[in-house]
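K.L.:
Please find upload_20.tsv (TSV, C-alpha atoms) on the next line:
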chain	number	residue	atom	x	y	z
A	605	MET	CA	15.62	29.15	-20.32
A	606	ARG	CA	16.03	25.40	-20.68
A	607	ARG	CA	15.67	23.98	-24.15
A	608	MET	CA	13.00	21.37	-24.67
A	609	ILE	CA	13.04	18.80	-27.44
A	610	SER	CA	10.18	16.95	-29.08
A	611	VAL	CA	10.50	13.19	-29.62
A	612	THR	CA	8.13	10.59	-31.05
A	613	ALA	CA	6.04	8.45	-28.74
A	614	LEU	CA	7.75	5.38	-30.18
A	615	ILE	CA	11.13	6.43	-28.82
A	616	VAL	CA	9.70	7.51	-25.50
A	617	ALA	CA	8.37	3.95	-25.21
A	618	VAL	CA	12.00	2.95	-24.69
A	619	PHE	CA	11.96	5.01	-21.50
A	620	ALA	CA	8.78	3.23	-20.42
A	621	LEU	CA	10.40	-0.17	-20.89
A	622	LEU	CA	13.41	0.88	-18.85
A	623	MET	CA	11.33	2.42	-16.10
A	624	ILE	CA	9.13	-0.68	-15.77
A	625	GLY	CA	12.22	-2.85	-15.37
A	626	ALA	CA	13.77	-0.50	-12.85
A	627	CYS	CA	10.63	-0.15	-10.76
A	628	ALA	CA	10.33	-3.91	-10.47
A	629	GLN	CA	13.63	-3.95	-8.57
A	630	GLU	CA	13.43	-0.87	-6.39
A	631	LYS	CA	11.02	1.75	-5.09
A	632	LYS	CA	9.55	4.08	-7.65
A	633	ALA	CA	10.86	7.63	-7.47
A	634	GLU	CA	8.37	10.04	-5.95
A	635	THR	CA	9.48	13.23	-7.70
A	636	ALA	CA	10.77	14.22	-11.10
A	637	GLU	CA	14.32	15.47	-10.56
A	638	PRO	CA	16.76	16.35	-13.36
A	639	VAL	CA	19.59	13.85	-13.60
A	640	SER	CA	23.14	15.16	-13.72
A	641	GLY	CA	26.52	13.59	-14.34
A	642	GLN	CA	27.78	10.99	-16.76
A	643	GLY	CA	24.89	8.57	-16.98
A	644	THR	CA	22.58	6.76	-14.59
A	645	PRO	CA	23.60	3.68	-12.63
A	646	ALA	CA	21.92	0.47	-13.70
A	647	GLY	CA	18.61	0.06	-11.91
A	648	ASP	CA	18.05	3.72	-11.11
A	649	SER	CA	14.63	5.04	-12.05
A	650	THR	CA	13.73	8.53	-13.16
A	651	VAL	CA	10.29	10.06	-13.59
A	652	ILE	CA	9.94	12.36	-16.55
A	653	ALA	CA	7.53	15.13	-15.68
A	654	ALA	CA	4.63	15.71	-18.04
A	655	PRO	CA	4.90	18.97	-19.95
A	656	THR	CA	2.47	21.77	-19.20
A	657	GLN	CA	2.37	23.11	-22.75
A	658	GLN	CA	0.36	21.51	-25.52
A	659	VAL	CA	2.19	19.44	-28.12
A	660	ALA	CA	1.21	17.62	-31.28
A	661	PRO	CA	-0.49	14.22	-30.86
A	662	GLY	CA	2.00	11.36	-30.67
A	663	LYS	CA	4.77	13.51	-29.23
A	664	VAL	CA	6.03	14.48	-25.80
A	665	ILE	CA	8.48	17.05	-24.45
A	666	VAL	CA	11.68	16.02	-22.70
A	667	ASP	CA	13.84	18.56	-20.88
A	668	GLU	CA	17.46	18.40	-22.04
A	669	GLU	CA	18.53	18.58	-18.40
A	670	ILE	CA	16.86	15.19	-18.00
A	671	LEU	CA	18.10	13.79	-21.29
A	672	ILE	CA	21.76	14.40	-20.43
A	673	GLY	CA	21.33	12.09	-17.46
A	674	PHE	CA	20.85	9.17	-19.85
A	675	VAL	CA	24.09	9.86	-21.71
A	676	ASP	CA	25.65	6.48	-20.83
A	677	GLU	CA	22.50	4.42	-21.46
A	678	PRO	CA	23.55	3.29	-24.96
A	679	ASN	CA	26.79	1.85	-23.58
A	680	HIS	CA	24.90	0.29	-20.66
A	681	HIS	CA	22.56	-1.58	-23.00
A	682	PHE	CA	25.31	-2.45	-25.46
A	683	GLY	CA	27.17	-4.10	-22.59
A	684	LEU	CA	24.09	-6.09	-21.59
A	685	ALA	CA	23.52	-7.10	-25.22
A	686	ARG	CA	27.09	-8.31	-25.53
A	687	GLU	CA	26.85	-10.28	-22.29
A	688	SER	CA	23.57	-11.89	-23.36
A	689	PHE	CA	24.94	-12.77	-26.80
A	690	LEU	CA	27.92	-14.58	-25.27
A	691	LYS	CA	25.46	-16.53	-23.11
A	692	LYS	CA	23.56	-17.41	-26.30
A	693	ASP	CA	20.46	-15.58	-25.04
A	694	TYR	CA	19.86	-14.04	-28.44
A	695	ALA	CA	16.36	-12.75	-27.70
A	696	LYS	CA	17.61	-10.69	-24.76
A	697	ALA	CA	20.67	-9.54	-26.70
A	698	SER	CA	18.39	-8.28	-29.46
A	699	THR	CA	16.14	-6.47	-27.00
A	700	GLU	CA	19.07	-4.74	-25.32
A	701	MET	CA	20.46	-3.67	-28.68
A	702	LEU	CA	17.13	-2.09	-29.57
A	703	LYS	CA	17.02	-0.27	-26.24
A	704	GLY	CA	20.48	1.11	-26.91
A	705	ALA	CA	19.42	2.10	-30.41
A	706	GLY	CA	16.41	3.91	-28.91
A	707	PHE	CA	18.67	6.16	-26.86
A	708	VAL	CA	20.87	6.83	-29.88
A	709	LYS	CA	17.77	7.81	-31.86
A	710	LEU	CA	16.67	10.05	-29.02
A	711	GLU	CA	19.97	11.95	-29.26
A	712	ALA	CA	19.47	12.22	-33.01
A	713	THR	CA	16.38	14.35	-32.37
A	714	ARG	CA	18.57	17.18	-31.10
A	715	ALA	CA	21.32	16.71	-33.69
A	716	THR	CA	21.69	18.41	-37.08
A	717	GLY	CA	23.68	17.95	-40.26
A	718	ASP	CA	26.37	15.27	-40.34
A	719	ALA	CA	25.83	14.37	-36.69
A	720	GLN	CA	22.16	13.60	-37.27
A	721	ARG	CA	22.99	11.54	-40.36
A	722	MET	CA	25.66	9.56	-38.50
A	723	LEU	CA	23.36	8.84	-35.57
A	724	SER	CA	20.51	7.81	-37.86
A	725	ASP	CA	22.83	5.46	-39.76
A	726	ALA	CA	23.96	3.95	-36.47
A	727	VAL	CA	20.35	3.36	-35.40
A	728	ILE	CA	19.55	1.58	-38.67
A	729	ARG	CA	22.64	-0.59	-38.38
A	730	LEU	CA	21.83	-1.53	-34.79
A	731	ALA	CA	18.19	-2.31	-35.56
A	732	GLU	CA	19.07	-4.52	-38.53
A	733	LEU	CA	21.75	-6.35	-36.57
A	734	ALA	CA	19.37	-6.84	-33.64
A	735	GLN	CA	16.96	-8.67	-35.94
A	736	ASP	CA	19.78	-10.88	-37.23
A	737	VAL	CA	20.87	-11.62	-33.67
A	738	LYS	CA	17.33	-12.55	-32.69
A	739	GLY	CA	17.13	-14.87	-35.68
A	740	GLY	CA	20.36	-16.60	-34.69
A	741	SER	CA	22.23	-15.72	-37.88
A	742	VAL	CA	25.07	-13.78	-36.22
A	743	ALA	CA	28.01	-16.06	-35.49
A	744	SER	CA	30.47	-13.71	-33.81
A	745	VAL	CA	30.29	-11.04	-31.12
A	746	ASP	CA	32.71	-9.07	-33.29
A	747	LYS	CA	29.76	-7.90	-35.39
A	748	LEU	CA	28.10	-6.47	-32.30
A	749	ASP	CA	31.30	-4.78	-31.21
A	750	ALA	CA	31.71	-3.16	-34.62
A	751	ALA	CA	28.16	-1.78	-34.53
A	752	PHE	CA	28.60	-0.53	-30.97
A	753	ALA	CA	31.90	1.16	-31.84
A	754	HIS	CA	30.22	2.85	-34.80
A	755	ALA	CA	27.31	4.11	-32.67
A	756	GLU	CA	29.58	5.37	-29.90
A	757	GLN	CA	31.75	7.27	-32.38
A	758	ALA	CA	28.65	8.91	-33.84
A	759	LEU	CA	27.57	9.91	-30.34
A	760	ALA	CA	31.04	11.31	-29.61
A	761	TYR	CA	30.91	13.44	-32.75
A	762	HIS	CA	27.39	14.64	-31.96
A	763	HIS	CA	28.18	15.64	-28.38
A	764	GLU	CA	31.36	17.45	-29.41
A	765	VAL	CA	29.41	19.46	-31.97
A	766	LYS	CA	26.80	20.34	-29.34
A	767	ALA	CA	29.55	21.35	-26.90
A	768	GLN	CA	30.97	23.75	-29.48
A	769	GLU	CA	27.52	25.22	-30.12
A	770	TYR	CA	26.83	25.77	-26.42
A	771	TRP	CA	30.33	27.18	-25.88
A	772	LYS	CA	29.79	29.79	-28.59
A	773	ALA	CA	26.40	30.62	-27.06
A	774	GLU	CA	28.09	31.02	-23.65
A	775	ASN	CA	25.94	28.26	-22.16
A	776	HIS	CA	28.84	26.87	-20.19
A	777	LYS	CA	27.01	24.22	-18.18
A	778	SER	CA	25.51	22.57	-21.24
A	779	ALA	CA	28.83	22.87	-23.08
A	780	GLY	CA	30.53	21.08	-20.21
A	781	GLN	CA	27.97	18.29	-20.10
A	782	ASP	CA	28.29	17.59	-23.80
A	783	LEU	CA	32.07	17.89	-23.72
A	784	LYS	CA	32.29	15.24	-21.01
A	785	ALA	CA	29.85	13.06	-22.92
A	786	ALA	CA	31.90	13.35	-26.13
A	787	SER	CA	35.05	12.23	-24.32
A	788	MET	CA	33.24	9.29	-22.74
A	789	HIS	CA	31.73	8.10	-26.03
A	790	LEU	CA	35.09	8.29	-27.81
A	791	GLU	CA	36.59	6.09	-25.11
A	792	ASN	CA	33.67	3.65	-25.42
A	793	SER	CA	34.01	3.49	-29.19
A	794	MET	CA	37.70	2.65	-29.04
A	795	LYS	CA	37.02	0.05	-26.36
A	796	TYR	CA	34.46	-1.79	-28.50
A	797	ALA	CA	36.79	-1.64	-31.48
A	798	GLY	CA	39.54	-3.23	-29.42
A	799	GLU	CA	41.75	-0.21	-30.04
A	800	LYS	CA	44.66	0.43	-27.71
A	801	THR	CA	44.35	4.02	-26.52
A	802	GLU	CA	47.63	5.87	-26.92
A	803	ALA	CA	48.96	8.21	-24.23
A	804	ASP	CA	48.24	11.40	-26.18
A	805	THR	CA	44.66	10.34	-26.85
A	806	LYS	CA	44.14	9.52	-23.17
A	807	ALA	CA	45.50	12.94	-22.23
A	808	ILE	CA	43.19	14.71	-24.68
A	809	MET	CA	40.14	12.82	-23.41
A	810	LYS	CA	41.07	13.55	-19.80
A	811	ASP	CA	41.59	17.26	-20.53
A	812	ALA	CA	38.21	17.46	-22.24
A	813	SER	CA	36.48	15.68	-19.38
A	814	ASP	CA	38.23	17.85	-16.77
A	815	PHE	CA	37.42	21.11	-18.55
A	816	GLY	CA	33.87	19.88	-19.07
A	817	GLN	CA	33.45	19.30	-15.35
A	818	LYS	CA	34.80	22.77	-14.56
A	819	LEU	CA	32.30	24.29	-16.99
A	820	ILE	CA	29.48	22.40	-15.27
A	821	GLU	CA	30.64	23.62	-11.88
A	822	GLY	CA	30.97	27.18	-13.12
A	823	THR	CA	34.65	27.33	-12.26
A	824	ALA	CA	36.37	30.15	-14.14
A	825	GLN	CA	38.77	28.85	-16.79
A	826	ALA	CA	40.88	30.48	-19.49
A	827	ALA	CA	38.73	30.61	-22.62
A	828	ASP	CA	41.63	29.76	-24.92
A	829	LYS	CA	42.50	26.61	-22.93
A	830	THR	CA	38.89	25.44	-22.84
A	831	GLY	CA	38.49	26.07	-26.55
A	832	LYS	CA	41.72	24.19	-27.25
A	833	ALA	CA	40.54	21.20	-25.22
A	834	MET	CA	37.35	21.09	-27.31
A	835	GLN	CA	39.27	21.44	-30.54
A	836	ASN	CA	41.73	18.69	-29.65
A	837	LEU	CA	38.95	16.30	-28.72
A	838	GLY	CA	37.04	17.11	-31.90
A	839	THR	CA	40.14	16.39	-33.98
A	840	LYS	CA	40.63	13.01	-32.27
A	841	ILE	CA	37.00	12.07	-32.78
A	842	GLU	CA	37.16	12.87	-36.49
A	843	GLU	CA	40.48	11.06	-36.89
A	844	TRP	CA	39.06	8.00	-35.16
A	845	GLY	CA	35.97	8.09	-37.36
A	846	LYS	CA	38.12	8.06	-40.50
A	847	ARG	CA	40.21	5.19	-39.17
A	848	MET	CA	37.08	3.14	-38.46
A	849	ILE	CA	35.89	3.32	-42.07
A	850	ALA	CA	39.34	2.94	-43.66
A	851	PRO	CA	40.01	-0.42	-45.36
A	852	LYS	CA	41.83	-2.89	-43.14
A	853	LYS	CA	45.45	-3.43	-44.14
Give the structure from this file in structure tokens form.
P.N.:
Amino acid sequence: MRRMISVTALIVAVFALLMIGACAQEKKAETAEPVSGQGTPAGDSTVIAAPTQQVAPGKVIVDEEILIGFVDEPNHHFGLARESFLKKDYAKASTEMLKGAGFVKLEATRATGDAQRMLSDAVIRLAELAQDVKGGSVASVDKLDAAFAHAEQALAYHHEVKAQEYWKAENHKSAGQDLKAASMHLENSMKYAGEKTEADTKAIMKDASDFGQKLIEGTAQAADKTGKAMQNLGTKIEEWGKRMIAPKK
């Protein structure tokens, strides 16, 4: 049975904003299809089907099969925010940052423990910086890059934790989706931080992404090798997180 998650109407409003913008450029989708893969191309529109079960007022239900399709949306909006900032369009940069923060907050609704705390901290940081950007008090794009790197690392940690949970529960497809997402977010984080990715780190990210894809496809793989790929990626994500908060020499 697919898991369903409950999110506040405020966060779902982010989806509404994105869908309105997408529909203005291309034909509205006629059916609600789950989105698969590593993110949705810019401009694509997706209809989220209304749930049949009753939920508390002010909340909606989103299928995790749909949510995983938006895995690259934070990076998409961070990129647009960065581009707008460099063009001195601070209002748009702020709006794009808040959209990205909305997707990070959406992921936080299915996170627990340290992952949830890290994602929530990232959302607060992005929201506060977005207001400063809108007010014109941010002088350098470096501040945006630092916030984006922080958010992407938090997402990488979160998705790796979820991959481990699904792997233990023998939900291989979901484990593969989150494993691929974790690898992607780690790469994004290092990119925003201006970090040169070493060969061993590239190999670990590629292994994780490759094993993740095989899990999604249902291709039989040695359990010890898959588990090792997850463990190696998790170690790199934690190491990178510690390096990000370490004092600069």
K.L.:
If we count only C-alpha atoms, what is near region 842-845 of chain A at a cut-off of 9 Å, once residues fewer than 6 positions away on the same chain are taken out, given as a short mmCIF file (atom, residue, chain, number, x, y, z; two decimals) with C-alpha atoms, keeping the file's coordinate frame?
P.N.:
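Writing the result to out33.cif gives the following:
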data_model
loop_
_atom_site.label_atom_id
_atom_site.label_comp_id
_atom_site.auth_asym_id
_atom_site.auth_seq_id
_atom_site.Cartn_x
_atom_site.Cartn_y
_atom_site.Cartn_z
CA HIS A 754 30.22 2.85 -34.80
CA GLN A 757 31.75 7.27 -32.38
CA ALA A 758 28.65 8.91 -33.84
CA TYR A 761 30.91 13.44 -32.75
CA LEU A 790 35.09 8.29 -27.81
CA MET A 794 37.70 2.65 -29.04
#
K.L.:
Counting only C-alpha atoms, which of A:Glu791, A:Ile820, A:Val666, A:Lys766 gets nearest to Gly717 (chain A)?
P.N.:
A:Lys766
K.L.:
(27.1, 2.9, -29.3) in this file's frame - what residues fall within 10 Å of it? Use all atoms listed in the file and give the answer as JSON, numbers by chain.
P.N.:
{"A": [676, 677, 678, 679, 680, 681, 682, 683, 701, 704, 705, 707, 708, 723, 726, 727, 730, 748, 749, 750, 751, 752, 753, 754, 755, 756, 757, 758, 759, 760, 789, 790, 792, 793, 796]}
K.L.:
With all atoms listed in the file as the atoms that count, which of A:Val737, A:Ile728, A:Gln781, A:Ala715 lies nearest to Thr699 (chain A)?
P.N.:
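Using all atoms listed in the file, the shortest distance to Thr699 (chain A) belongs to A:Val737.
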K.L.:
I'd like the contact shell of Leu783 (chain A) - 7 Å cut-off, all atoms listed in the file, skipping same-chain residues fewer than 2 positions apart - returned as a list in words.
P.N.:
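My list of contacting residues is His763, Glu764, Ala767, Ala779, Gly780, Gln781, Ala785, Ala786, Ser787, Ala812, Ser813 and Gly816 of chain A.
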K.L.:
Within 10 Å of (16.0, -11.6, -33.4) in the file's own coordinates, which protein, DNA or RNA residues have an atom, counting all atoms listed in the file? List them as a ChimeraX atom specification.
P.N.:
/A:694-699,731-742
K.L.:
Kindly give the distance, in Å, that separates CA of Gly706 (chain A) and CA of Met722 (chain A), rounded to a single decimal.
P.N.:
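That distance, rounded to one decimal, is 14.5 Å.
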K.L.:
So the first atom is CA of Ala685 (chain A) and the second is CA of Lys747 (chain A); what is the distance between them in Å, to one decimal place?
P.N.:
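Spanning CA of Ala685 (chain A) to CA of Lys747 (chain A) is a straight-line distance of 12.0 Å.
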